[in-house]
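Text of start_13.cif (mmCIF, C-alpha atoms and all ligand atoms) as supplied:
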```
data_protein
loop_
_atom_site.label_atom_id
_atom_site.label_comp_id
_atom_site.auth_asym_id
_atom_site.auth_seq_id
_atom_site.Cartn_x
_atom_site.Cartn_y
_atom_site.Cartn_z
CA MET V 1 0.00 0.00 0.00
CA ARG V 2 1.18 3.51 -0.74
CA LEU V 3 0.15 6.75 0.92
CA ILE V 4 0.73 9.99 -0.96
CA ILE V 5 0.47 13.11 1.19
CA GLU V 6 0.05 16.43 -0.61
CA ALA V 7 -0.28 19.90 0.95
CA ASP V 8 -3.92 20.48 -0.06
CA SER V 9 -6.74 19.01 -2.07
CA ASP V 10 -5.69 20.84 -5.28
CA LYS V 11 -2.25 19.28 -5.12
CA ALA V 12 -3.74 15.89 -4.28
CA SER V 13 -5.98 16.21 -7.36
CA ASP V 14 -2.94 17.11 -9.46
CA TRP V 15 -1.08 14.06 -8.27
CA VAL V 16 -3.98 11.71 -9.03
CA ALA V 17 -4.63 13.21 -12.48
CA LYS V 18 -0.95 12.99 -13.43
CA TYR V 19 -0.82 9.43 -12.16
CA ILE V 20 -3.87 8.42 -14.23
CA LYS V 21 -2.31 10.10 -17.27
CA THR V 22 0.94 8.18 -16.77
CA ARG V 23 -0.87 4.88 -16.29
CA ILE V 24 -2.95 5.35 -19.46
CA LYS V 25 0.07 6.38 -21.51
CA SER V 26 2.24 3.54 -20.21
CA PHE V 27 -0.50 1.06 -21.15
CA LYS V 28 -0.39 2.33 -24.74
CA PRO V 29 -4.07 1.74 -25.52
CA GLY V 30 -5.03 1.49 -29.18
CA PRO V 31 -4.65 -0.99 -32.03
CA ASP V 32 -2.89 -4.06 -30.65
CA PRO V 33 0.40 -4.61 -32.53
CA ASP V 34 0.45 -8.27 -31.46
CA ASN V 35 -3.15 -9.00 -32.53
CA PRO V 36 -3.98 -7.31 -35.82
CA GLY V 37 -7.60 -6.09 -35.90
CA LYS V 38 -7.82 -6.03 -32.09
CA THR V 39 -7.81 -2.94 -29.88
CA ARG V 40 -6.41 -2.67 -26.39
CA TYR V 41 -8.55 -0.50 -24.13
CA PHE V 42 -7.50 0.94 -20.80
CA VAL V 43 -10.36 0.31 -18.38
CA LEU V 44 -10.94 3.01 -15.80
CA GLY V 45 -13.32 2.78 -12.81
CA LEU V 46 -14.68 6.16 -11.73
CA PRO V 47 -16.44 7.79 -8.78
CA THR V 48 -18.70 10.82 -8.38
CA GLY V 49 -18.85 13.24 -5.42
CA SER V 50 -16.96 16.42 -4.68
CA THR V 51 -13.58 14.75 -4.12
CA PRO V 52 -12.73 13.79 -7.73
CA LEU V 53 -13.87 17.09 -9.31
CA GLY V 54 -10.37 18.63 -9.26
CA CYS V 55 -8.90 15.49 -10.77
CA TYR V 56 -11.48 15.49 -13.59
CA LYS V 57 -10.65 19.16 -14.28
CA ARG V 58 -6.93 18.35 -14.60
CA LEU V 59 -7.64 15.38 -16.87
CA ILE V 60 -9.76 17.62 -19.10
CA GLU V 61 -6.89 20.14 -19.22
CA PHE V 62 -4.45 17.41 -20.25
CA HIS V 63 -6.84 16.40 -22.99
CA LYS V 64 -7.33 19.98 -24.21
CA LYS V 65 -3.56 20.46 -24.35
CA GLY V 66 -3.30 17.36 -26.53
CA GLU V 67 -1.39 15.42 -23.87
CA LEU V 68 -3.97 12.72 -23.23
CA SER V 69 -6.59 10.93 -25.28
CA PHE V 70 -9.49 8.84 -24.02
CA ARG V 71 -10.24 7.36 -27.43
CA PHE V 72 -9.15 3.94 -26.29
CA VAL V 73 -10.38 4.18 -22.71
CA LYS V 74 -13.45 2.41 -21.36
CA THR V 75 -15.03 3.59 -18.13
CA PHE V 76 -17.19 1.97 -15.49
CA ASN V 77 -18.78 4.15 -12.85
CA MET V 78 -19.15 2.96 -9.31
CA ASP V 79 -22.78 3.64 -8.63
CA GLU V 80 -26.08 5.30 -9.46
CA TYR V 81 -29.16 6.25 -7.47
CA VAL V 82 -32.27 4.10 -7.86
CA GLY V 83 -35.27 5.94 -9.24
CA LEU V 84 -33.58 8.99 -10.78
CA PRO V 85 -33.90 9.28 -14.55
CA ARG V 86 -30.58 9.72 -16.36
CA ASP V 87 -31.27 13.36 -17.14
CA HIS V 88 -32.18 14.27 -13.55
CA PRO V 89 -29.79 17.05 -12.47
CA GLU V 90 -28.58 14.96 -9.52
CA SER V 91 -28.17 11.63 -11.30
CA TYR V 92 -24.63 10.37 -11.54
CA HIS V 93 -25.10 10.18 -15.32
CA THR V 94 -25.62 13.93 -15.37
CA TYR V 95 -22.69 14.48 -13.00
CA MET V 96 -20.30 12.44 -15.15
CA TRP V 97 -21.29 13.98 -18.47
CA THR V 98 -21.30 17.52 -17.08
CA ASN V 99 -18.04 17.29 -15.18
CA PHE V 100 -16.01 14.97 -17.35
CA PHE V 101 -17.19 12.97 -20.35
CA ARG V 102 -18.57 15.90 -22.33
CA HIS V 103 -15.15 17.56 -22.34
CA ILE V 104 -13.01 14.66 -23.51
CA ASP V 105 -12.77 12.47 -26.61
CA ILE V 106 -14.29 9.34 -25.10
CA ASN V 107 -16.59 7.30 -27.32
CA PRO V 108 -20.01 7.26 -25.55
CA GLU V 109 -20.19 3.54 -26.31
CA ASN V 110 -17.23 3.05 -24.01
CA VAL V 111 -18.91 4.76 -21.07
CA HIS V 112 -20.63 2.35 -18.70
CA MET V 113 -22.97 3.39 -15.92
CA LEU V 114 -25.50 1.47 -13.90
CA ASP V 115 -29.12 2.23 -14.82
CA GLY V 116 -30.99 3.22 -11.68
CA MET V 117 -34.28 3.07 -13.60
CA ALA V 118 -33.81 -0.55 -14.71
CA LYS V 119 -36.95 -2.63 -14.19
CA ASP V 120 -35.00 -5.66 -13.07
CA LYS V 121 -32.32 -4.20 -10.84
CA ASP V 122 -30.71 -7.50 -9.97
CA ALA V 123 -30.35 -8.36 -13.66
CA GLU V 124 -28.88 -4.89 -14.29
CA CYS V 125 -26.26 -5.49 -11.57
CA GLU V 126 -25.41 -8.94 -12.87
CA ALA V 127 -25.07 -7.62 -16.42
CA TYR V 128 -22.74 -4.85 -15.16
CA GLU V 129 -20.39 -7.38 -13.59
CA LYS V 130 -20.37 -9.27 -16.88
CA LYS V 131 -19.59 -6.12 -18.85
CA ILE V 132 -16.60 -5.42 -16.60
CA LYS V 133 -15.40 -8.98 -17.07
CA ASP V 134 -15.89 -8.83 -20.84
CA ALA V 135 -13.84 -5.62 -20.94
CA GLY V 136 -10.96 -7.56 -19.39
CA GLY V 137 -11.46 -6.19 -15.86
CA VAL V 138 -10.73 -2.72 -14.51
CA ASP V 139 -7.13 -1.56 -14.88
CA LEU V 140 -7.42 1.29 -12.41
CA PHE V 141 -10.34 1.98 -10.09
CA LEU V 142 -10.40 5.50 -8.70
CA GLY V 143 -12.50 5.99 -5.57
CA GLY V 144 -13.44 8.51 -2.95
CA ILE V 145 -14.80 7.69 0.49
CA GLY V 146 -17.38 9.00 2.90
CA PRO V 147 -16.45 10.10 6.44
CA ASP V 148 -17.78 6.69 7.59
CA GLY V 149 -15.25 4.96 5.36
CA HIS V 150 -17.70 3.80 2.69
CA ILE V 151 -16.36 3.13 -0.79
CA ALA V 152 -18.96 3.52 -3.56
CA PHE V 153 -22.23 2.86 -1.68
CA ASN V 154 -20.74 0.08 0.40
CA GLU V 155 -21.90 1.41 3.72
CA PRO V 156 -20.58 0.21 7.10
CA GLY V 157 -21.29 -3.49 7.53
CA SER V 158 -21.21 -4.28 3.80
CA SER V 159 -19.59 -7.56 2.92
CA LEU V 160 -16.00 -7.11 1.86
CA VAL V 161 -16.53 -9.66 -0.90
CA SER V 162 -19.75 -8.01 -2.14
CA ARG V 163 -20.51 -7.65 -5.85
CA THR V 164 -22.62 -5.14 -7.77
CA ARG V 165 -26.05 -4.98 -6.17
CA VAL V 166 -28.95 -2.88 -4.88
CA LYS V 167 -28.06 -1.19 -1.61
CA THR V 168 -30.16 0.70 0.92
CA LEU V 169 -28.38 3.89 1.85
CA ALA V 170 -27.36 4.60 5.45
CA LYS V 171 -29.25 7.40 7.15
CA ASP V 172 -26.05 9.48 7.42
CA THR V 173 -25.49 9.21 3.68
CA ILE V 174 -29.07 10.28 2.94
CA ILE V 175 -28.66 13.27 5.26
CA ALA V 176 -25.27 14.14 3.72
CA ASN V 177 -26.74 13.95 0.20
CA ALA V 178 -29.77 16.12 1.05
CA ARG V 179 -27.65 19.18 0.19
CA PHE V 180 -27.99 18.20 -3.46
CA PHE V 181 -31.79 17.95 -3.21
CA ASP V 182 -32.60 21.42 -1.80
CA ASN V 183 -32.08 19.94 1.68
CA LYS V 184 -35.32 17.97 1.26
CA ILE V 185 -34.60 14.61 2.87
CA LYS V 186 -37.77 13.13 1.34
CA ASP V 187 -36.40 13.78 -2.18
CA VAL V 188 -33.12 11.95 -1.59
CA PRO V 189 -33.15 8.46 -3.11
CA THR V 190 -32.95 5.80 -0.42
CA GLU V 191 -31.44 3.10 -2.60
CA ALA V 192 -28.60 2.88 -5.08
CA LEU V 193 -27.05 0.38 -7.43
CA THR V 194 -23.40 0.03 -6.53
CA VAL V 195 -20.37 -2.02 -7.35
CA GLY V 196 -19.35 -4.19 -4.42
CA VAL V 197 -16.14 -4.05 -2.42
CA GLY V 198 -15.19 -7.31 -4.14
CA THR V 199 -15.81 -5.71 -7.55
CA VAL V 200 -13.34 -2.92 -6.76
CA MET V 201 -10.89 -5.39 -5.18
CA ASP V 202 -10.76 -7.24 -8.51
CA ALA V 203 -9.33 -4.17 -10.25
CA LYS V 204 -5.66 -4.45 -11.13
CA GLU V 205 -5.04 -1.24 -9.26
CA VAL V 206 -7.01 0.96 -6.83
CA VAL V 207 -6.45 4.66 -6.11
CA VAL V 208 -8.45 6.22 -3.27
CA MET V 209 -8.57 10.00 -2.78
CA ILE V 210 -9.21 11.26 0.75
CA THR V 211 -9.21 14.97 1.48
CA GLY V 212 -10.37 17.20 4.32
CA ALA V 213 -10.24 17.04 8.11
CA HIS V 214 -13.73 15.51 8.19
CA LYS V 215 -12.25 12.37 6.59
CA ALA V 216 -9.22 12.17 8.89
CA TYR V 217 -10.64 9.47 11.14
CA ALA V 218 -11.70 7.46 8.09
CA LEU V 219 -8.13 7.63 6.73
CA HIS V 220 -6.82 6.38 10.07
CA LYS V 221 -9.31 3.50 9.96
CA ALA V 222 -8.49 2.85 6.31
CA ILE V 223 -4.77 2.34 6.76
CA GLU V 224 -3.73 2.08 10.43
CA ASP V 225 -6.37 -0.17 11.95
CA GLY V 226 -7.31 -3.69 10.89
CA VAL V 227 -9.48 -4.68 7.95
CA SER V 228 -13.11 -4.26 8.97
CA HIS V 229 -16.44 -4.38 7.21
CA MET V 230 -17.45 -1.43 9.39
CA TRP V 231 -14.90 0.67 7.42
CA THR V 232 -15.22 -0.86 3.99
CA VAL V 233 -12.32 1.16 2.54
CA SER V 234 -9.98 -0.75 4.87
CA ALA V 235 -10.42 -3.78 2.56
CA PHE V 236 -7.80 -2.27 0.25
CA GLN V 237 -5.11 -3.03 2.81
CA GLN V 238 -5.30 -6.45 1.20
CA HIS V 239 -5.12 -5.19 -2.37
CA ARG V 240 -1.85 -5.81 -4.20
CA ARG V 241 -1.68 -2.36 -5.65
CA ALA V 242 -3.56 0.25 -3.63
CA THR V 243 -2.61 3.90 -3.41
CA PHE V 244 -4.24 6.34 -1.00
CA VAL V 245 -3.82 9.98 -1.95
CA CYS V 246 -4.64 12.54 0.72
CA ASP V 247 -4.07 16.12 1.78
CA GLU V 248 -2.48 17.32 5.05
CA ASP V 249 -5.91 17.89 6.63
CA ALA V 250 -6.83 14.25 6.18
CA THR V 251 -3.70 13.12 8.07
CA LEU V 252 -4.80 14.71 11.37
CA GLU V 253 -5.73 11.38 12.99
CA LEU V 254 -2.69 9.45 11.72
CA ARG V 255 0.30 8.65 13.88
CA VAL V 256 3.22 11.05 13.44
CA LYS V 257 5.32 7.98 12.66
CA THR V 258 3.01 6.95 9.80
CA VAL V 259 3.04 10.44 8.29
CA LYS V 260 6.83 10.72 8.55
CA TYR V 261 7.33 7.30 7.03
CA PHE V 262 5.23 8.00 3.96
CA LYS V 263 6.52 11.55 3.53
CA GLY V 264 10.00 10.04 3.47
CA LEU V 265 8.90 7.96 0.47
CA MET V 266 7.47 10.86 -1.53
CA GLU V 267 10.52 11.29 -3.72
CA LEU V 268 10.27 7.65 -4.70
CA HIS V 269 6.50 7.81 -5.17
CA ASN V 270 6.77 10.90 -7.38
CA LYS V 271 8.81 8.81 -9.80
CA LEU V 272 5.53 7.01 -10.51
CA LEU V 273 4.43 10.16 -12.33
CA GLU V 274 7.21 9.95 -14.88
CA GLU V 275 5.75 9.33 -18.29
CA PRO V 276 7.06 6.60 -20.57
CA LYS V 277 9.64 7.69 -23.10
CA VAL V 278 8.26 7.98 -26.62
CA ASP V 279 9.90 5.33 -28.85
P1 LIG M 301 -17.54 13.35 -1.42
O1 LIG M 301 -18.31 11.96 -1.27
O2 LIG M 301 -16.44 13.15 -2.41
O3 LIG M 301 -18.57 14.31 -1.91
O4 LIG M 301 -17.01 13.69 -0.08
C1 LIG M 301 -17.59 10.78 -1.23
C2 LIG M 301 -18.50 9.64 -0.84
O5 LIG M 301 -19.42 9.83 -0.04
O6 LIG M 301 -18.27 8.52 -1.33
#
```

Let's see the structure in the file written out as structure tokens.
Amino acid sequence: MRLIIEADSDKASDWVAKYIKTRIKSFKPGPDPDNPGKTRYFVLGLPTGSTPLGCYKRLIEFHKKGELSFRFVKTFNMDEYVGLPRDHPESYHTYMWTNFFRHIDINPENVHMLDGMAKDKDAECEAYEKKIKDAGGVDLFLGGIGPDGHIAFNEPGSSLVSRTRVKTLAKDTIIANARFFDNKIKDVPTEALTVGVGTVMDAKEVVVMITGAHKAYALHKAIEDGVSHMWTVSAFQQHRRATFVCDEDATLELRVKTVKYFKGLMELHNKLLEEPKVD
């Protein structure tokens, strides 16, 4: 596990965006030289929420500057509310198109999002897992967490081997999300379709962004305490390639020793941002 500590959330967003750019470029997505007629796609798992907004902005900038293309990238979003039509202003579809997809060169066919209006929700979830599998699995899953340590909508107590499914939202999450629904609790969806912890664990790599003092205890639980289904993000302690990226504020509940240790590794970790040399 790696922990990247940046001064503030802007710098943390920069780090994550540069890292994603490097990973996509190193993968060299596009026509497969070893299999004529085949295309290699980089598969990216994506979250919504306020945390990744800065990262999406940077990725859009890279694209506009001609430094990064999403032509051969497929995306899978983590979750979607049940009962909100796609074009509802608070649906995650709307969020993703407004804040990211509309500004880049991704082929809409390569964008995958759960349909919260599906008649048969279980079948929708099962089909989503199959689509991820058929795409060759997720290469990099980016996530954010809630102050209670939830990843996607895997609230406290969720199985750490869970798959994509319908989930009832915790009361705290409904209250937290009311700000997006004119503070009307009754308008906040009470269910969501979400990838499971196991679905994210299957990704080849996981990057979790954690910023702000209100998430400091969650970061402590995520990396310093044991693995627990009450803090579902802690599952990534057992992932082979997990990177937590935080700001100084989010380190407030960590041991000084932990912070010093990972800060001492920053020079090494920043080498991960070096882009592959062009042949
Ligand atoms: P936030 O939400 O990025 O808006 O803090 C994250 C989450 O609840 O998963």

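Nearest residue to ligand LIG 301 (chain M) among V:Lys184, V:Lys11, V:His150, V:Arg240 is V:His150, counting all atoms listed in the file.
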
Please identify the residues whose atoms come within 8 Å of ligand LIG 301 (chain M), using all atoms listed in the file, and report them as a compact mmCIF listing (two decimals) with C-alpha atoms, keeping the file's coordinate frame.
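Below is the file that was written, result34.txt:
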```txt
# COMPACT_ATOMS: atom_id res chain seq x y z
CA PRO V 47 -16.44 7.79 -8.78
CA THR V 48 -18.70 10.82 -8.38
CA GLY V 49 -18.85 13.24 -5.42
CA SER V 50 -16.96 16.42 -4.68
CA THR V 51 -13.58 14.75 -4.12
CA PRO V 52 -12.73 13.79 -7.73
CA GLY V 143 -12.50 5.99 -5.57
CA GLY V 144 -13.44 8.51 -2.95
CA ILE V 145 -14.80 7.69 0.49
CA GLY V 146 -17.38 9.00 2.90
CA PRO V 147 -16.45 10.10 6.44
CA HIS V 150 -17.70 3.80 2.69
CA ILE V 151 -16.36 3.13 -0.79
CA ALA V 152 -18.96 3.52 -3.56
CA PHE V 153 -22.23 2.86 -1.68
CA THR V 173 -25.49 9.21 3.68
```

Margin query: Residues within 12 Å of stretch 267-276 of chain V, please, as a VMD selection string. Count only C-alpha atoms; anything in the same chain fewer than 5 positions from it doesn't count.
Written below: chain V and resid 1 to 6 14 to 28 67 to 68 243 to 245 261 to 262

Check: If you count all atoms listed in the file, which residues fall within 10 Å of V:Phe42, apart from same-chain ones fewer than 2 positions away, as a ChimeraX atom specification?
Finding: /V:23-25,27-30,39-40,44,70-75,135-140

Check: Quick one, how far is atom CA of V:Asp202 from atom CA of V:His112?
Finding: 17.1 Å

Which residues of stretch 168-226 of chain V sit at most 12 Å from stretch 116-120 of chain V, using all atoms listed in the file? Give each one's shortest atom pair and distance in Å (one decimal place), in chain and ascending residue order, as a tab-separated table.
```
residue	atom	partner	partner_atom	distance
V:Pro189	CA	V:Gly116	CA	10.3
V:Thr190	CA	V:Gly116	CA	11.7
V:Glu191	CA	V:Gly116	CA	9.1
V:Ala192	CA	V:Gly116	CA	7.0
V:Leu193	CA	V:Gly116	CA	6.5
V:Thr194	CA	V:Gly116	CA	9.7
```

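With distances restricted to all atoms listed in the file, V:Ala250 is the closest residue to V:His214 from V:Ala12, V:Ala250, V:Leu59, V:Ala170.
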
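Minimum atom-to-atom distances from V:Asn99, V:Thr199, V:Asn183, V:Thr168 to V:Glu129 were compared using only C-alpha atoms, and the lowest value belongs to V:Thr199.
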
Notebook entry, point to check: Residues at most 9 Å from V:Phe76, counting only C-alpha atoms, excluding those fewer than 6 positions away in the same chain, as an NGL selection string?
Noted result: :V and (43-47 or 110-114 or 128 or 132 or 138 or 141)

Write the residues of the preceding selection, restricted to C-alpha atoms, as an mmCIF file, in the frame of the given file.
```cif
data_model
loop_
_atom_site.group_PDB
_atom_site.id
_atom_site.type_symbol
_atom_site.label_atom_id
_atom_site.label_comp_id
_atom_site.auth_asym_id
_atom_site.auth_seq_id
_atom_site.Cartn_x
_atom_site.Cartn_y
_atom_site.Cartn_z
ATOM 1 C CA VAL V 43 -10.360 0.310 -18.380
ATOM 2 C CA LEU V 44 -10.940 3.010 -15.800
ATOM 3 C CA GLY V 45 -13.320 2.780 -12.810
ATOM 4 C CA LEU V 46 -14.680 6.160 -11.730
ATOM 5 C CA PRO V 47 -16.440 7.790 -8.780
ATOM 6 C CA ASN V 110 -17.230 3.050 -24.010
ATOM 7 C CA VAL V 111 -18.910 4.760 -21.070
ATOM 8 C CA HIS V 112 -20.630 2.350 -18.700
ATOM 9 C CA MET V 113 -22.970 3.390 -15.920
ATOM 10 C CA LEU V 114 -25.500 1.470 -13.900
ATOM 11 C CA TYR V 128 -22.740 -4.850 -15.160
ATOM 12 C CA ILE V 132 -16.600 -5.420 -16.600
ATOM 13 C CA VAL V 138 -10.730 -2.720 -14.510
ATOM 14 C CA PHE V 141 -10.340 1.980 -10.090
#
```

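Counting all atoms listed in the file, the residue from V:Thr211, V:Ser91, V:Ser13, V:Ser158 that sits nearest to V:Val233 is V:Ser158.
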